[in-house]
Amino acid sequence: MQAVVWHCVGADEALSHLDSSAAGLSAAEAQKRLAEHGLNTLPEKRRRTLLHMLLEQFTDFMIVVLLAAAVISGFIGEPQDTIAILVIILLNAIIGVVQEFRAERAVAALREMAAPDALVLRDGRAITLAASELVPGDVVLLEAGNIVPADLRLLGVDEMGVDEAALTGESHPVNKQQVLLSDANLPLGDRQNMVFKSSLVTRGGGKGLVIATGLDTEIGRIAELLQGAASVKTPLQVRLTRFGRYLALAVLAISAVVFIAGLLQGQPVMLMFLTAVSLAVAAIPEALPAVVTISLALGAHKLIRHKALVRNLPAVETLGSVTYICTDKTGTLTRNRMSAELFFAANERHESLPESGSNVAWAELGEAMALNNDVADRDGKPAGEPTELALFEAADRAGFDKVALELVKPRLAVIPFDSQRKQMTTLHQSAEGVLAYVKGAPERVLAQCDKSLGLDRATAFELAFEPEAVLAEATQLANEGYRVLALAKREFTALPEPLEAETTEHNLTFLGLVALIDPPRPEAPQAVADCLTAGITPVMITGDHPGTAMAIARRLGITDDAQTMLSGDELEKLSDDRFAHVVDSVRVYARVNPEQKLRIVKALQVKGEFVAMTGDGVNDAPALKRANIGVAMGQKGTDVAREAADMVLLDDDFATIVRAVREGRRIFDNIRKFIKYTMSSNSGEIWTLFLAPFLGLPIPLLPIHILWINLITDGLPGLALTAEPAEPGIMRRAPRPPAENIFAHGMWQYIVWVGLFIGGISIAAMAWAISRGVEYWQTMVFTVLTVSQLFHTLAVRSESVSLFRLGLVSNLPLIGAVLLTLSLQMAVIYVPTLNSIFHTQALPLFDLVVCLLLSSLVLFAVEIEKWLVRRGLIYRGRVY
C-alpha cells in the first residue's frame, strides 16, 4: 500500500488498490481492517504506571531526608518508631497515587469525549463514527468546518478549500480538485487531489478515500512533534507552586528553630532531627497543585452532566472570572424552531389560532395554513421547511388535521415559492371545483387581493377595511420582530390554463396574517437575569434582522433600549477608537458577520473585560481562540469551532453557559476552601511546635504524631471539601478578577489567626495537663491538635454563611470523612496495640471531653469571624 503514489492514480484505480468502492466498505470488512491496522490515532505520551506514580511520591527531598532519618533512628533507637513512620509515609504515598491516578483518568476521559467524529459510508449508508475507527478503504464525506480525519485521495469535490497550515505552513487555504497528477515527487502542498489528516476544510465539501491512518499518515510521520498532550498547568497551579517554594523556605527556617530549641532543652539529637523534618514534611503543602488538578478535573466531569464539555482544564478555573458573555441568538438564546405566535383575521388579533369549527374567517385561515405547505411525515414526525412546519403545527394544534383535510380537498397542483414572487400557491379539489390557497409576503399578497373574508362572508375590500390598514398591521408586527405571512384564497371552476402565477395569483380573497418568530428558550430569560445579578453582561450577536434581534433581546431582558443596538454596517463604519468608546454600552449586535466577532472580543478585552464568546462556524474560530473562554456549539457547530473552543455546549443552550459559570465559581471557591483549611491547619501545627519551647514547655509532639495528623486530616476531610455545594449567594457576587491573588479577601489573615488559635488551644491543653502532673499530657496535645482541625473543616465550608444555616448533612462526604477520621484518632488513643506504636495513653472521659470542648472553640471562633464578615466589618470588597 505504501508503494502506491496516490496522487498519481485515478479515483477508480485508488478504490481498486484498496478493494473498496464508491459506496464504502461493509461493516464486517471495516472491523477486520481495524484489527489489522489499529486505531486511527497518533501516539500519546506514555502514561505512567501505578508503580511509577508510587515511586515518584518518594522523590521529594524532604521525604527522602525523613526516610533516611527514620532508618538511622531505627538502627540506633527504637525500631517500632521507624516502622510506624515508614508505614505512615507509605500510606501518604498511596493517597498521593490515588489522587494522581484519578486526576489522570479524569483528564483522559475528557480528552476522549472531545475526540472528533467522521461521516463515513458503510454498507452504502452515511453514518457518523469516531474518527479513530477509520480504516484504509473507508469513504469519508467532508464539508466546511470538518477536520480531515485521515489522509484521503479525493473522489469528488465541490468548491473545496482546505487549510493545510499545520502540515505545510501554507497560510492560505488550498483549492482542491479531483484531477490526475503526473509528478510523483510533488510536495504535499501541491497535491490538489489529496487532503491530509488534521487539516481543516474551510469551504465547500467533497468525498475522499482513506489511504492512510494513524502513524501511516503524513502528520503521523512527524508524530514526535505532536506526541501526547502537554500536561496542563493552570495559572492557579503555577501560583501555588511558586507560593509553595517560598513557604518551604519559611517552614525550613522554623523547623531549624524548633530543632535548636529542642537541643537547648536537652532533647536527643535524633529525636529533634526527626521532629524538625516531620514538621517540614507535614507543613509544606506539596499536594496543593495535585489537589487543584483533581478539583478541576472532577469539576469538568460534573460540568458534563450540565451539558458542558470542557476541553482544557484552565477554563474551569477561569469561568468564575467571566464579565461578558457574547452569545449567538439562533439556537442558543432561542429554540432554533419557528413558532406561529400571533394571528390576524377579520380585523381581530389572536395569540392562538381559534379551534376548528369557529367562524368562517378563522376556519378558512386554519385550513389554508394546514394545506398550503410541503410538510410530510418522516419516521412518524412532521418534517419540512421551518416556516411551513410552524404553520402546520399551529393549524394542527387548533384541530386542522392536514391528512384529514387532504382527503376532502386533495392537492392537484402547486406553484412553488420563488424569491421574485415571494409567495407559494397550492391548488386543491373542492366541492365547487378548484380552490387555490396562496401564502407569501404581505405586500405581495395584499396587492393581489380585491376582497377579504369577514366573520361570515366575503366582502369587498374597500367595504371592510383598507388594504393599507392590513399592511400597517403587518408592518407593526414586523417591527416587533416577527416574520409575517399573508394568506389568501381563490376559487376556480377548473384548473387554470396555463397553470402559472399570472393566471392564478390575482383577484384573491384575503384570509389573514400569521406572525412567526423563533421564540426564546424557556430557561433563557432566567439565565439572562442570573447573569445580570452575577455582574455578567450578556450581549447578543446575530446575523438576523435588527427588529427581530431587539424583539428577542426585550423578551429576554437583555435590553429594551434600541440605542444599545449596533448593526454590522454601523460597526464597519466605526474606527477602533470610536468603537472602544461605545463597546461597553452595546448589548445587541445585528446583521454581524463572523469576522466582526473578533473585533468585538478585542475591543472588550482592551477595556479589561473577561469575555466568553460563542460560535459554531469556521469563521468563528479566530474569535473563539481570542476570547478568554471560547464556547462552541456541540450540535450545530463545526469541528473547527470545537477545536478552537475551550468549552463545548452539548445542548447549544445559553443557560448551560450560565450553569457552567456557576459551577466554575463553585469549583474555585472549593479550591480556596481547601487551601484555607490545609494552610490554617498546617499553621496550627507550626505554631504549636514553634511556640512551646519559648514558653518553657517541652516539645509537644513526636514525629509520628505530626505525620499521623498530616495523614488523616489533610486526606479525606480536605478532599471532601471539593464536594461542597455552591454557596447561596454565589451568583450574586461580582466576577473574580483573573489576576486576583488566591489569598485575597482576608485569606492570609485567616490562615495566620486560625493557625495561632489552634496552636494556642493546643498549648493551653498541654500546659493545663502538665500543671496537673498527668503523664498523658502529650496525648492531650495530640488529640486537641487533631480534633480542632476536624472542627475547622466544618467551619471552613463557607466563607460567610454559618454552618448552622448550611446544615451538617448538606455535604455528606465531608461528614463521613470527619467521622472516619475521628474514629481513627479514638482508635489511636484507646486501642492498646496502637498505644505502643503511637506512644499514646488512654484519656479519662473527663480529659477527653475537655479536649473535645477545647477543639470545638475553633468552630465558634470562625463562626464569629463569619458574623463580622456578614456585617461588613472585616474583609470588605466582596459581596456575600
# chains A, B, ... in the order shown; residues from 1 in each chain; ligands from 1
>>> residues_around(residues="stretch 826-841 of chain A", least_positions_apart="6", cutoff="10 Å", atoms="only C-alpha atoms", output="PyMOL selection string")
chain A and resi 80-85+702-705+708+775-780+782-783+820+848
>>> residues_around(residues="A:Ala603", least_positions_apart="3", cutoff="6 Å", atoms="only C-alpha atoms", output="ChimeraX atom specification")
/A:580,600,606
>>> residues_around(residues="A:Ser802", least_positions_apart="2", cutoff="8 Å", atoms="only C-alpha atoms", output="PyMOL selection string")
chain A and resi 795+798+800+804-806+863+866-867
>>> select_by_dssp(residues="stretch 285-344 of chain A", states="strand (DSSP E)", output="PyMOL selection string")
chain A and resi 308-310+324-328+339-344
>>> write_last_selection(atoms="N, CA, C and O atoms", output="compact mmCIF listing (two decimals), in the first residue's frame")
# COMPACT_ATOMS: atom_id res chain seq x y z
N ALA A 308 -22.02 20.63 29.43
CA ALA A 308 -20.88 21.46 29.00
C ALA A 308 -19.62 20.60 29.06
O ALA A 308 -19.27 20.07 30.12
N LEU A 309 -18.96 20.45 27.91
CA LEU A 309 -17.73 19.67 27.84
C LEU A 309 -16.54 20.63 27.82
O LEU A 309 -16.37 21.41 26.88
N VAL A 310 -15.73 20.58 28.88
CA VAL A 310 -14.55 21.44 28.97
C VAL A 310 -13.39 20.75 28.26
O VAL A 310 -13.06 19.60 28.55
N TYR A 324 -18.28 39.23 30.55
CA TYR A 324 -19.15 39.39 29.37
C TYR A 324 -19.38 38.02 28.76
O TYR A 324 -18.43 37.24 28.59
N ILE A 325 -20.63 37.73 28.41
CA ILE A 325 -20.94 36.55 27.60
C ILE A 325 -21.52 37.05 26.29
O ILE A 325 -22.63 37.59 26.25
N CYS A 326 -20.76 36.91 25.21
CA CYS A 326 -21.23 37.30 23.88
C CYS A 326 -21.78 36.04 23.21
O CYS A 326 -21.03 35.10 22.95
N THR A 327 -23.07 36.03 22.96
CA THR A 327 -23.71 34.80 22.53
C THR A 327 -24.48 34.96 21.23
O THR A 327 -25.05 36.02 20.96
N ASP A 328 -24.49 33.89 20.44
CA ASP A 328 -25.37 33.85 19.27
C ASP A 328 -26.82 33.85 19.73
O ASP A 328 -27.12 33.45 20.86
N SER A 339 -42.08 29.46 15.38
CA SER A 339 -43.37 29.21 16.02
C SER A 339 -44.33 30.32 15.63
O SER A 339 -43.96 31.50 15.62
N ALA A 340 -45.58 29.95 15.28
CA ALA A 340 -46.61 30.94 14.96
C ALA A 340 -47.22 31.43 16.26
O ALA A 340 -47.80 30.64 17.02
N GLU A 341 -47.07 32.74 16.52
CA GLU A 341 -47.48 33.27 17.82
C GLU A 341 -48.67 34.22 17.76
O GLU A 341 -49.39 34.35 18.74
N LEU A 342 -48.84 34.91 16.64
CA LEU A 342 -49.95 35.87 16.52
C LEU A 342 -50.68 35.64 15.21
O LEU A 342 -50.06 35.35 14.17
N PHE A 343 -52.03 35.81 15.27
CA PHE A 343 -52.86 35.58 14.09
C PHE A 343 -53.82 36.77 13.94
O PHE A 343 -54.38 37.25 14.93
N PHE A 344 -53.98 37.21 12.68
CA PHE A 344 -54.84 38.36 12.41
C PHE A 344 -55.81 37.98 11.29
O PHE A 344 -55.39 37.59 10.19
>>> select_by_dssp(residues="stretch 508-603 of chain A", states="alpha helix (DSSP H)", output="PyMOL selection string")
chain A and resi 524-533+546-556+568-573+576-582+594-603
